[in-house]
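input17.cif follows; it contains mmCIF, C-alpha atoms and all ligand atoms.
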```
data_structure
#
loop_
_atom_site.label_atom_id
_atom_site.label_comp_id
_atom_site.auth_asym_id
_atom_site.auth_seq_id
_atom_site.Cartn_x
_atom_site.Cartn_y
_atom_site.Cartn_z
CA MET I 110 14.07 -15.48 46.88
CA THR I 111 13.26 -11.80 47.02
CA GLY I 112 10.54 -9.90 45.27
CA VAL I 113 12.77 -7.34 43.53
CA GLU I 114 12.52 -6.85 39.82
CA MET I 115 15.55 -6.09 37.71
CA ALA I 116 15.78 -3.62 34.85
CA PHE I 117 13.45 -3.89 31.84
CA PRO I 118 15.00 -5.64 28.86
CA PRO I 119 16.31 -3.27 26.15
CA LYS I 120 13.74 -1.99 23.70
CA ARG I 121 13.56 -3.73 20.36
CA PRO I 122 12.82 -1.82 17.15
CA LEU I 123 9.08 -1.43 16.49
CA MET I 124 9.26 -3.63 13.40
CA SER I 125 11.54 -6.53 12.67
CA THR I 126 13.55 -6.62 9.43
CA ARG I 127 11.30 -9.46 8.27
CA ALA I 128 8.12 -7.48 8.98
CA ARG I 129 9.56 -4.45 7.18
CA LEU I 130 10.50 -6.59 4.17
CA ASN I 131 6.95 -7.95 4.03
CA LEU I 132 5.53 -4.46 4.33
CA TYR I 133 7.72 -3.11 1.49
CA LEU I 134 6.93 -6.14 -0.67
CA ALA I 135 3.21 -5.77 0.01
CA ILE I 136 3.27 -2.02 -0.74
CA THR I 137 5.22 -2.63 -3.98
CA PHE I 138 2.81 -5.35 -5.05
CA VAL I 139 -0.25 -3.27 -4.25
CA ILE I 140 1.13 -0.30 -6.21
CA VAL I 141 2.11 -2.46 -9.22
CA PHE I 142 -1.21 -4.30 -9.05
CA CYS I 143 -3.26 -1.09 -8.91
CA ILE I 144 -1.34 0.59 -11.74
CA SER I 145 -1.43 -2.47 -14.02
CA SER I 146 -5.13 -3.02 -13.30
CA ALA I 147 -5.93 0.63 -14.03
CA VAL I 148 -3.93 0.58 -17.29
CA LEU I 149 -5.57 -2.68 -18.35
CA TYR I 150 -9.03 -1.37 -17.51
CA ARG I 151 -8.44 1.74 -19.63
CA SER I 152 -7.11 -0.24 -22.59
CA LEU I 153 -9.95 -2.82 -22.44
CA ILE I 154 -12.56 -0.06 -22.37
CA ASP I 155 -10.77 1.80 -25.19
CA GLY I 156 -10.61 -1.46 -27.17
CA ALA I 157 -14.33 -2.05 -26.64
CA MET I 158 -15.15 1.47 -27.84
CA GLN I 159 -12.92 0.99 -30.88
CA GLN I 160 -14.84 -2.20 -31.69
CA VAL I 161 -18.10 -0.28 -31.36
CA ARG I 162 -16.76 2.38 -33.74
CA ARG I 163 -15.64 -0.27 -36.23
CA ASP I 164 -19.19 -1.71 -36.09
CA SER I 165 -20.67 1.73 -36.71
CA ALA I 166 -18.27 2.41 -39.61
CA LEU I 167 -19.22 -0.91 -41.24
CA GLN I 168 -22.89 -0.12 -40.83
CA MET I 169 -22.42 3.32 -42.36
CA GLU I 170 -20.53 1.81 -45.32
CA MET I 171 -23.40 -0.65 -45.82
CA ALA I 172 -25.89 2.21 -45.89
CA MET I 173 -23.71 4.10 -48.37
CA ALA I 174 -23.50 1.00 -50.58
CA ILE I 175 -27.29 0.63 -50.54
CA ARG I 176 -27.67 4.31 -51.48
CA ARG I 177 -25.20 3.90 -54.29
CA TYR I 178 -26.88 0.75 -55.59
CA THR I 179 -30.23 2.52 -55.54
CA MET I 180 -28.84 5.57 -57.29
CA GLU I 181 -26.84 3.71 -59.93
CA ASP I 182 -28.81 0.54 -60.52
CA VAL I 183 -32.43 1.13 -59.50
CA ARG I 184 -33.02 4.80 -60.29
CA PRO I 185 -32.25 4.43 -64.05
CA LEU I 186 -34.94 1.76 -64.24
CA LEU I 187 -37.51 3.68 -62.19
CA PRO I 188 -36.86 7.42 -62.67
CA PRO I 189 -39.20 9.78 -60.76
CA GLY I 190 -42.08 10.80 -62.98
CA GLU I 191 -45.82 10.45 -62.95
CA VAL I 192 -45.52 7.43 -60.64
CA LEU I 193 -43.13 7.58 -57.70
CA HIS I 194 -41.47 4.37 -56.56
CA PRO I 195 -40.02 5.15 -53.09
CA GLN I 196 -37.73 2.11 -53.50
CA SER I 197 -35.80 4.15 -56.07
CA ILE I 198 -35.09 6.93 -53.54
CA PRO I 199 -31.63 6.34 -51.90
CA ALA I 200 -32.68 7.53 -48.44
CA PHE I 201 -35.81 5.36 -48.49
CA ALA I 202 -33.86 2.31 -49.69
CA ALA I 203 -31.18 2.77 -47.06
CA ASN I 204 -33.69 3.31 -44.24
CA ARG I 205 -35.76 0.32 -45.30
CA THR I 206 -32.86 -2.10 -45.84
CA MET I 207 -31.21 -1.16 -42.57
CA SER I 208 -34.51 -1.60 -40.72
CA LEU I 209 -34.54 -5.20 -42.06
CA LEU I 210 -31.03 -5.63 -40.67
CA GLU I 211 -32.26 -4.35 -37.33
CA GLU I 212 -34.60 -7.34 -37.14
CA VAL I 213 -31.60 -9.68 -36.88
CA ARG I 214 -29.28 -7.25 -35.10
CA PRO I 215 -31.58 -5.51 -32.61
CA GLN I 216 -30.38 -2.14 -31.40
CA TYR I 217 -28.21 -1.61 -34.49
CA ARG I 218 -30.10 1.24 -36.13
CA TYR I 219 -29.80 3.48 -39.11
CA ALA I 220 -31.73 6.64 -39.85
CA GLU I 221 -31.59 9.34 -42.50
CA VAL I 222 -33.22 12.39 -41.07
CA ALA I 223 -33.61 15.96 -42.24
CA ILE I 224 -34.73 19.25 -40.77
CA ASN I 225 -37.09 19.71 -43.71
CA PRO I 226 -37.75 16.19 -45.11
CA THR I 227 -39.98 15.19 -47.99
CA ASN I 228 -41.27 12.21 -46.00
CA PRO I 229 -42.48 13.57 -42.62
CA SER I 230 -41.42 10.34 -40.89
CA ASN I 231 -37.82 11.32 -41.64
CA ARG I 232 -38.00 14.57 -39.63
CA ALA I 233 -35.04 15.07 -37.27
CA ALA I 234 -35.83 15.49 -33.57
CA GLY I 235 -33.97 16.26 -30.35
CA TRP I 236 -30.25 15.48 -30.41
CA GLN I 237 -30.55 14.65 -34.16
CA VAL I 238 -31.32 18.32 -34.80
CA ASP I 239 -28.30 19.28 -32.66
CA LEU I 240 -26.05 17.06 -34.76
CA ILE I 241 -27.36 18.56 -38.00
CA ASN I 242 -26.87 22.06 -36.64
CA ALA I 243 -23.33 21.13 -35.60
CA PHE I 244 -22.63 20.19 -39.24
CA ARG I 245 -24.21 23.45 -40.38
CA ASN I 246 -22.04 25.48 -38.01
CA GLU I 247 -18.91 23.64 -39.10
CA PRO I 248 -19.19 22.95 -42.84
CA ASP I 249 -15.83 21.09 -42.84
CA LYS I 250 -17.05 18.58 -40.29
CA ILE I 251 -17.72 15.17 -41.81
CA GLU I 252 -18.54 13.13 -38.74
CA ALA I 253 -20.09 13.76 -35.33
CA THR I 254 -20.93 11.44 -32.44
CA HIS I 255 -23.51 11.42 -29.69
CA LEU I 256 -23.84 9.08 -26.68
CA SER I 257 -27.25 8.34 -25.24
CA GLU I 258 -28.56 6.22 -22.41
CA GLY I 259 -31.82 4.41 -23.11
CA PRO I 260 -33.89 1.66 -21.52
CA SER I 261 -31.95 -0.94 -23.52
CA GLY I 262 -28.58 0.49 -22.49
CA ALA I 263 -26.01 2.98 -23.75
CA MET I 264 -25.82 3.75 -27.47
CA LEU I 265 -23.21 5.40 -29.65
CA HIS I 266 -24.65 7.44 -32.53
CA VAL I 267 -22.29 8.31 -35.38
CA ALA I 268 -23.56 10.86 -37.89
CA ARG I 269 -22.49 12.08 -41.30
CA PRO I 270 -23.99 15.17 -42.94
CA VAL I 271 -26.39 14.92 -45.88
CA ARG I 272 -25.44 17.62 -48.37
CA PRO I 273 -27.42 17.68 -51.66
CA THR I 274 -25.71 17.32 -55.04
CA ALA I 275 -27.12 18.61 -58.36
CA ASP I 276 -28.94 15.26 -58.83
CA CYS I 277 -30.83 15.74 -55.57
CA LEU I 278 -32.28 19.07 -56.68
CA ALA I 279 -34.39 17.33 -59.35
CA CYS I 280 -36.70 16.32 -56.50
CA HIS I 281 -35.71 18.76 -53.73
CA GLY I 282 -35.23 22.04 -55.62
CA ALA I 283 -38.33 24.08 -56.29
CA ALA I 284 -41.62 22.32 -55.54
CA ALA I 285 -42.95 23.46 -58.93
CA ALA I 286 -40.21 21.49 -60.70
CA ALA I 287 -40.61 18.34 -58.60
CA PRO I 288 -41.85 15.10 -60.24
CA ALA I 289 -45.63 14.74 -60.20
CA GLY I 290 -45.46 11.34 -58.47
CA LEU I 291 -43.44 12.85 -55.60
CA LEU I 292 -45.89 15.71 -55.12
CA GLN I 293 -48.78 13.34 -55.29
CA ARG I 294 -47.32 11.07 -52.57
CA TYR I 295 -45.82 13.58 -50.13
CA GLY I 296 -47.45 16.91 -51.06
CA ARG I 297 -45.72 20.30 -51.41
CA THR I 298 -45.06 21.09 -47.80
CA GLY I 299 -41.65 19.55 -47.11
CA GLY I 300 -38.36 18.64 -48.73
CA PHE I 301 -38.05 21.54 -51.19
CA GLY I 302 -35.79 24.52 -51.52
CA TRP I 303 -32.62 22.54 -50.77
CA LYS I 304 -29.35 24.02 -52.04
CA ILE I 305 -26.27 22.25 -53.32
CA GLY I 306 -23.72 21.69 -50.52
CA GLU I 307 -25.85 22.94 -47.64
CA THR I 308 -26.45 20.53 -44.75
CA VAL I 309 -30.07 19.46 -44.86
CA GLY I 310 -29.91 16.37 -42.68
CA ALA I 311 -27.77 13.54 -41.45
CA GLN I 312 -27.21 9.82 -41.82
CA ILE I 313 -27.09 8.39 -38.34
CA VAL I 314 -25.84 4.97 -37.35
CA SER I 315 -26.66 3.80 -33.82
CA VAL I 316 -24.68 1.02 -32.16
CA PRO I 317 -25.11 -0.37 -28.61
CA THR I 318 -22.09 0.05 -26.35
CA THR I 319 -23.37 -1.74 -23.25
CA ASN I 320 -22.57 -5.29 -24.40
CA ALA I 321 -19.06 -4.44 -25.56
CA LEU I 322 -18.30 -2.48 -22.38
CA ASN I 323 -19.74 -5.22 -20.17
CA ALA I 324 -17.61 -7.81 -21.97
CA ALA I 325 -14.55 -5.58 -21.41
CA ARG I 326 -15.38 -5.23 -17.71
CA GLU I 327 -15.88 -8.97 -17.34
CA ALA I 328 -12.49 -9.57 -18.98
CA TRP I 329 -11.00 -7.03 -16.57
CA TRP I 330 -12.44 -8.77 -13.53
CA ARG I 331 -11.12 -12.12 -14.78
CA HIS I 332 -7.71 -10.55 -15.18
CA VAL I 333 -7.88 -8.96 -11.71
CA GLY I 334 -8.77 -12.32 -10.15
CA ALA I 335 -5.99 -14.16 -11.99
CA SER I 336 -3.49 -11.39 -11.20
CA LEU I 337 -4.37 -11.53 -7.52
CA VAL I 338 -3.60 -15.24 -7.44
CA VAL I 339 -0.33 -14.70 -9.35
CA PHE I 340 0.68 -11.74 -7.15
CA ALA I 341 -0.11 -13.66 -3.97
CA ALA I 342 1.94 -16.65 -5.15
CA LEU I 343 4.78 -14.35 -6.20
CA PHE I 344 4.60 -12.61 -2.85
CA LEU I 345 4.87 -15.90 -0.97
CA VAL I 346 7.74 -17.16 -3.13
CA LEU I 347 9.66 -13.88 -2.89
CA ASN I 348 8.99 -13.73 0.82
CA ARG I 349 10.35 -17.26 1.32
CA VAL I 350 13.38 -16.73 -0.91
CA LEU I 351 14.31 -13.35 0.58
CA SER I 352 13.66 -14.59 4.10
CA ARG I 353 15.98 -17.53 3.70
CA ALA I 354 18.65 -15.97 1.52
CA VAL I 355 18.78 -12.47 3.01
CA ILE I 356 16.79 -11.86 6.17
CA ALA I 357 17.71 -14.95 8.19
CA PRO I 358 21.50 -14.41 7.80
CA ILE I 359 21.10 -10.69 8.54
CA GLU I 360 19.01 -11.36 11.65
CA THR I 361 21.51 -13.93 12.91
CA ARG I 362 24.41 -11.59 12.36
CA SER I 363 22.66 -8.56 13.79
CA SER I 364 21.65 -10.43 16.94
CA THR I 365 25.28 -11.58 17.30
CA TRP I 366 26.52 -8.03 16.82
CA ARG I 367 23.93 -6.77 19.31
CA GLU I 368 25.12 -9.31 21.85
CA LEU I 369 28.75 -8.39 21.26
CA ALA I 370 27.98 -4.69 21.55
CA THR I 371 25.89 -4.93 24.71
CA ARG I 372 27.39 -7.79 26.73
CA ASP I 373 30.58 -8.25 28.63
CA ALA I 374 32.64 -11.00 26.95
CA VAL I 375 33.94 -12.56 30.21
CA THR I 376 30.80 -12.84 32.35
CA GLY I 377 27.92 -12.44 29.87
CA ALA I 378 26.47 -9.63 31.99
CA ARG I 379 25.32 -6.49 30.19
CA ASN I 380 28.17 -4.01 29.74
CA ARG I 381 28.73 -0.39 30.72
CA ARG I 382 27.36 0.89 27.44
CA SER I 383 24.06 -0.95 28.04
CA PHE I 384 24.01 0.36 31.59
CA ASP I 385 24.27 3.96 30.37
CA GLU I 386 21.61 3.56 27.65
CA GLU I 387 19.13 1.45 29.56
CA GLY I 388 19.68 3.29 32.83
CA ARG I 389 18.69 6.62 31.25
CA ALA I 390 15.67 5.08 29.54
CA LEU I 391 14.60 3.41 32.78
CA ILE I 392 14.92 6.63 34.77
CA ALA I 393 12.71 8.40 32.20
CA ALA I 394 10.15 5.55 32.28
CA CYS I 395 10.01 5.43 36.10
CA ARG I 396 9.70 9.20 36.29
CA GLU I 397 6.79 9.11 33.87
CA SER I 398 4.99 6.25 35.63
CA GLY I 399 5.94 7.38 39.15
CA ALA I 400 7.48 3.97 39.91
CA ASP I 401 10.33 3.53 42.38
CA LEU I 402 13.80 2.84 41.08
CA THR I 403 16.81 1.75 43.11
CA LEU I 404 20.37 1.21 42.06
CA LEU I 405 22.53 -1.45 43.63
CA ALA I 406 26.34 -1.20 43.36
CA LEU I 407 28.15 -4.51 44.08
CA ASP I 408 31.83 -5.25 44.42
CA ILE I 409 33.67 -8.48 45.32
CA ASP I 410 35.84 -7.90 48.36
CA HIS I 411 39.60 -8.28 47.96
CA PHE I 412 39.25 -9.59 44.47
CA LYS I 413 42.86 -8.71 43.73
CA ARG I 414 43.84 -11.46 46.16
CA VAL I 415 41.90 -14.03 44.10
CA ASN I 416 43.92 -13.12 41.05
CA ASP I 417 47.14 -12.97 42.95
CA THR I 418 46.53 -16.28 44.76
CA PHE I 419 44.82 -18.46 42.17
CA GLY I 420 45.62 -16.75 38.90
CA HIS I 421 43.70 -14.67 36.44
CA ASP I 422 41.73 -17.64 35.01
CA VAL I 423 40.28 -18.48 38.39
CA GLY I 424 39.54 -14.77 38.84
CA ASP I 425 37.54 -14.87 35.58
CA ALA I 426 35.68 -17.99 36.72
CA VAL I 427 34.81 -16.28 40.01
CA LEU I 428 33.43 -13.27 38.14
CA CYS I 429 31.26 -15.60 36.02
CA GLU I 430 29.98 -17.50 39.05
CA PHE I 431 29.29 -14.21 40.82
CA VAL I 432 27.11 -13.12 37.90
CA GLN I 433 25.30 -16.46 37.66
CA ARG I 434 24.45 -16.46 41.36
CA ILE I 435 22.99 -12.96 41.15
CA LEU I 436 20.91 -13.79 38.09
CA GLN I 437 19.57 -16.94 39.72
CA ALA I 438 18.56 -14.94 42.75
CA SER I 439 16.62 -12.36 40.74
CA LYS I 440 13.48 -12.56 38.65
CA ARG I 441 14.92 -11.38 35.34
CA ARG I 442 17.85 -12.47 33.22
CA ASP I 443 18.79 -8.89 32.30
CA GLY I 444 19.38 -6.00 34.63
CA LEU I 445 22.82 -6.84 35.96
CA TYR I 446 25.60 -4.72 34.48
CA ARG I 447 29.34 -5.03 34.74
CA THR I 448 30.35 -1.40 35.23
CA GLY I 449 34.07 -1.97 35.93
CA GLY I 450 36.70 -4.65 36.68
CA GLU I 451 35.01 -6.48 39.54
CA GLU I 452 32.29 -3.84 39.99
CA PHE I 453 28.70 -4.50 39.07
CA ALA I 454 25.44 -2.57 39.19
CA MET I 455 21.79 -3.55 39.20
CA LEU I 456 18.82 -1.39 38.29
CA LEU I 457 15.75 -2.39 40.27
CA PRO I 458 12.53 -0.76 39.07
CA HIS I 459 9.43 -0.97 41.28
CA SER I 460 11.68 -1.59 44.34
CA ASP I 461 11.93 0.87 47.18
CA ILE I 462 15.11 1.20 49.20
CA ASP I 463 14.01 -1.37 51.80
CA ALA I 464 13.21 -4.04 49.20
CA ALA I 465 16.51 -3.35 47.40
CA ALA I 466 18.48 -3.51 50.66
CA ALA I 467 16.74 -6.76 51.59
CA PHE I 468 17.65 -8.23 48.22
CA ALA I 469 21.27 -7.10 48.65
CA GLU I 470 21.33 -8.71 52.08
CA VAL I 471 20.10 -12.02 50.60
CA LEU I 472 22.94 -11.88 48.07
CA ARG I 473 25.52 -10.93 50.67
CA ARG I 474 24.58 -13.89 52.86
CA GLN I 475 24.55 -16.24 49.94
CA PHE I 476 28.10 -15.20 48.89
CA GLU I 477 29.34 -15.42 52.41
CA ALA I 478 27.79 -18.85 52.99
CA THR I 479 28.68 -20.64 49.78
CA PRO I 480 32.33 -20.86 48.67
CA PHE I 481 33.25 -20.08 45.09
CA SER I 482 34.63 -23.03 43.14
CA GLY I 483 38.40 -22.80 42.92
CA ALA I 484 38.63 -19.70 45.11
CA GLY I 485 36.87 -20.66 48.33
CA ARG I 486 34.92 -18.35 50.56
CA LEU I 487 34.50 -14.79 49.25
CA THR I 488 32.37 -11.86 50.30
CA ALA I 489 30.95 -8.84 48.56
CA SER I 490 29.96 -5.29 49.56
CA PHE I 491 26.80 -3.49 48.48
CA GLY I 492 25.72 0.16 48.11
CA VAL I 493 22.03 1.02 47.61
CA ALA I 494 20.59 4.34 46.42
CA VAL I 495 17.06 5.30 45.45
CA LEU I 496 16.10 7.60 42.58
CA LEU I 497 15.35 11.11 43.84
CA PRO I 498 13.65 14.01 42.02
CA GLY I 499 16.19 15.76 39.80
CA ASP I 500 18.50 12.71 39.68
CA THR I 501 20.42 11.73 36.57
CA LEU I 502 21.95 8.31 36.08
CA GLU I 503 25.30 9.82 37.08
CA THR I 504 24.08 11.35 40.36
CA LEU I 505 22.19 8.17 41.24
CA MET I 506 25.29 6.11 40.51
CA LYS I 507 27.45 8.45 42.56
CA ARG I 508 25.23 7.93 45.61
CA ALA I 509 25.21 4.14 45.16
CA ASP I 510 29.05 4.22 44.84
CA ARG I 511 29.28 6.35 47.97
CA ALA I 512 27.18 3.80 49.83
CA LEU I 513 29.43 1.03 48.46
CA TYR I 514 32.59 2.81 49.66
CA GLU I 515 30.97 3.26 53.04
CA ALA I 516 30.39 -0.51 53.14
CA LYS I 517 34.00 -1.14 52.15
CA GLY I 518 35.23 1.42 54.65
CA ALA I 519 33.15 -0.17 57.38
CA GLY I 520 34.94 -3.50 56.94
CA ARG I 521 33.38 -4.92 53.71
CA ASN I 522 30.84 -7.79 53.49
CA GLN I 523 27.91 -5.51 54.25
CA VAL I 524 25.05 -3.52 52.72
CA ARG I 525 24.86 0.28 53.04
CA CYS I 526 22.05 2.55 51.86
CA ILE I 527 22.07 6.26 51.08
CA VAL I 528 18.63 7.78 50.91
CA SER I 529 19.44 11.41 50.11
N1 LIG Y 601 40.52 -12.08 36.60
C1 LIG Y 601 40.14 -10.83 36.32
N2 LIG Y 601 40.52 -9.84 37.09
C2 LIG Y 601 40.12 -8.58 36.81
C3 LIG Y 601 39.31 -8.33 35.71
N3 LIG Y 601 39.06 -7.00 35.66
C4 LIG Y 601 39.71 -6.43 36.74
N4 LIG Y 601 40.35 -7.40 37.44
C5 LIG Y 601 41.17 -7.27 38.64
O1 LIG Y 601 40.35 -6.92 39.74
C6 LIG Y 601 41.21 -6.39 40.74
C7 LIG Y 601 40.55 -5.23 41.42
O2 LIG Y 601 41.39 -4.84 42.50
P1 LIG Y 601 41.03 -3.66 43.45
O3 LIG Y 601 40.47 -2.50 42.63
O4 LIG Y 601 42.24 -3.36 44.25
O5 LIG Y 601 39.88 -4.16 44.33
P2 LIG Y 601 39.87 -5.36 45.41
O6 LIG Y 601 41.08 -6.13 45.43
O7 LIG Y 601 38.61 -6.14 45.11
O8 LIG Y 601 39.67 -4.61 46.75
P3 LIG Y 601 38.36 -3.99 47.30
O9 LIG Y 601 37.46 -3.67 46.19
O10 LIG Y 601 38.78 -2.74 47.99
O11 LIG Y 601 37.76 -4.97 48.24
C8 LIG Y 601 42.48 -6.01 40.00
O12 LIG Y 601 43.53 -6.87 40.41
C9 LIG Y 601 42.18 -6.20 38.54
O13 LIG Y 601 43.31 -6.65 37.82
C10 LIG Y 601 38.91 -9.41 34.87
O14 LIG Y 601 38.20 -9.30 33.89
N5 LIG Y 601 39.35 -10.65 35.23
#
```

Give the structure from this file in structure tokens form.
Amino acid sequence: MTGVEMAFPPKRPLMSTRARLNLYLAITFVIVFCISSAVLYRSLIDGAMQQVRRDSALQMEMAMAIRRYTMEDVRPLLPPGEVLHPQSIPAFAANRTMSLLEEVRPQYRYAEVAINPTNPSNRAAGWQVDLINAFRNEPDKIEATHLSEGPSGAMLHVARPVRPTADCLACHGAAAAAPAGLLQRYGRTGGFGWKIGETVGAQIVSVPTTNALNAAREAWWRHVGASLVVFAALFLVLNRVLSRAVIAPIETRSSTWRELATRDAVTGARNRRSFDEEGRALIAACRESGADLTLLALDIDHFKRVNDTFGHDVGDAVLCEFVQRILQASKRRDGLYRTGGEEFAMLLPHSDIDAAAAFAEVLRRQFEATPFSGAGRLTASFGVAVLLPGDTLETLMKRADRALYEAKGAGRNQVRCIVS
């Protein structure tokens, strides 16, 4: 056997239909998964914050109820006078009661603070002052929020303005008119001169957000994990179903169509169309890599006589046997092309003219020595041409044909080479 190598097999698409289907499925799943996870994350966080706000609203309502109870039920029994009972002051009662609640619900805080308080421990500081000033700047505002980050986590502070009514001025109007007990307990320095409707302070409810947000994030991670499992299972099922129901039949049909479009129906050799396409690609590849390329033109001698003597069917069988013998003698299964009736061509990359001629000679001897079944002894002629700079497939083919005609002209059953 010779060392020549026949043409490269035709190039396949970079990705198979199956691989493309998997890629599209995977991309679709990733997009759907990311969008649904992002939407879920947003809604879980929003839900957690709404829960925090509901908690703060409930706490504020509790404080308001305590104030009201103090004002309506306690104050009439213990009106400010010579002796001051702080328990009868709404702000004191609310602060005190809510501080008891804080013992069982740590971090849930309530504070009534003022810029100019009667009780110095109720003096607003830092962001509390900012909230009060915000209410002062916008008298229509009835609620303001502030988020803070502390050692125990993030907190949401919800504030409502404290605006004195006529009742409040009994203690917080002029210091001279204030009850003696109040002056005696807190002095004359703070908590006087308030005016009806002006913002003097704020009720502030503080609620932790960290726990609720962490719970929302944990729920999100659980969902992400479960979704991943569901998406992966769905991917596998869809992949299987589509592969069996759609891709497999398409691949079978397309490979059949490819065979029909690129092979000669009688001999199974690659057809003229393949020769043109693959020949051009091969020339470009050999030019780029600098590899040799030779073209072998083959033709059965006096083939017409086979048809005329034994019939067209035997002629077909001879063509098939001719192809099989060539393929068996070469390394590759592709690379032999039927370019005409009983004319064939072979593209031999990495073969110089001597190697190609030697291969042709092996074939020639083999044909000559071994009779064809049904048709007896037959010979073939060969023309060899090597790829030259500036060659196209057509010019290369022309030279190989010329060499073949020279072989025919010289009596057939021989190999002729044309180098330039
Ligand atoms: N059985 C069969 N014959 C074919 C087929 N295609 C072409 N032929 C015949 O091949 C013969 C080719 O004849 P020619 O071109 O005269 O060539 P030849 O007889 O081989 O003579 P040389 O090539 O000069 O040696 C014709 O008789 C065609 O009818 C085919 O597919 N099957």

| Which protein, DNA or RNA residues have an atom at most 12 Å from (30.5, -17.1, 36.0), counting only C-alpha atoms? List them as a PyMOL selection string. | chain I and resi 373-378+422-437+481-483

| task | List all protein, DNA and RNA residues that have an atom no more than 6 Å from any atom of ligand LIG 601 (chain Y), counting all atoms listed in the file, and report them as a list of chain:residue names. | result |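 Using all atoms listed in the file, I find these residues within 6 Å of ligand LIG 601 (chain Y): I:Ile409, I:Asp410, I:His411, I:Phe412, I:Lys413, I:Asn416, I:His421, I:Asp422, I:Gly424, I:Asp425, I:Gly450, I:Glu451.
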
| said: What does the structure give for the distance between atom CA of Gln237 of chain I and atom CA of Leu265 of chain I, in Å to one decimal? | reply: 12.6 Å

| message | Need to verify the contact set: segment 467-472 of chain I, 10 Å, all atoms listed in the file, exclusion of same-chain residues closer than 2 positions in sequence. Can you return it as number ranges by chain? | response | I: 110-114, 405-407, 431, 434-435, 438-439, 460, 462-465, 474-478, 488-493, 522-525

| message | Between atom CA of Gln196 of chain I and atom CA of Arg184 of chain I, what is the distance in Å, rounded to a tenth? | response |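 Result for atom CA of Gln196 of chain I versus atom CA of Arg184 of chain I: 8.7 Å, one decimal.
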
| query | Which residue out of I:Thr308, I:Asn323, I:Ser152, I:Ser125 has the minimum interatomic distance to Asn225 of chain I when all atoms listed in the file are used? | reply |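 Of the candidates, the smallest distance to Asn225 of chain I is held by I:Thr308.
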
| said: Using only C-alpha atoms for the distances, tell me which of I:Ile305, I:Leu322, I:Val213, I:Ala263 is nearest to His281 of chain I. | reply: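 Nearest candidate to His281 of chain I out of I:Ile305, I:Leu322, I:Val213, I:Ala263: I:Ile305.
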
| task | Please indicate the distance in Å from atom CA of Ala233 of chain I to atom CA of Val267 of chain I, rounded to one decimal place. | result | 14.6 Å

| field | Polymer residues at most 8 Å from segment 204-210 of chain I, only C-alpha atoms, same-chain spacing of 6 or more positions, as a VMD selection string | value | chain I and resid 172 175 217 to 221
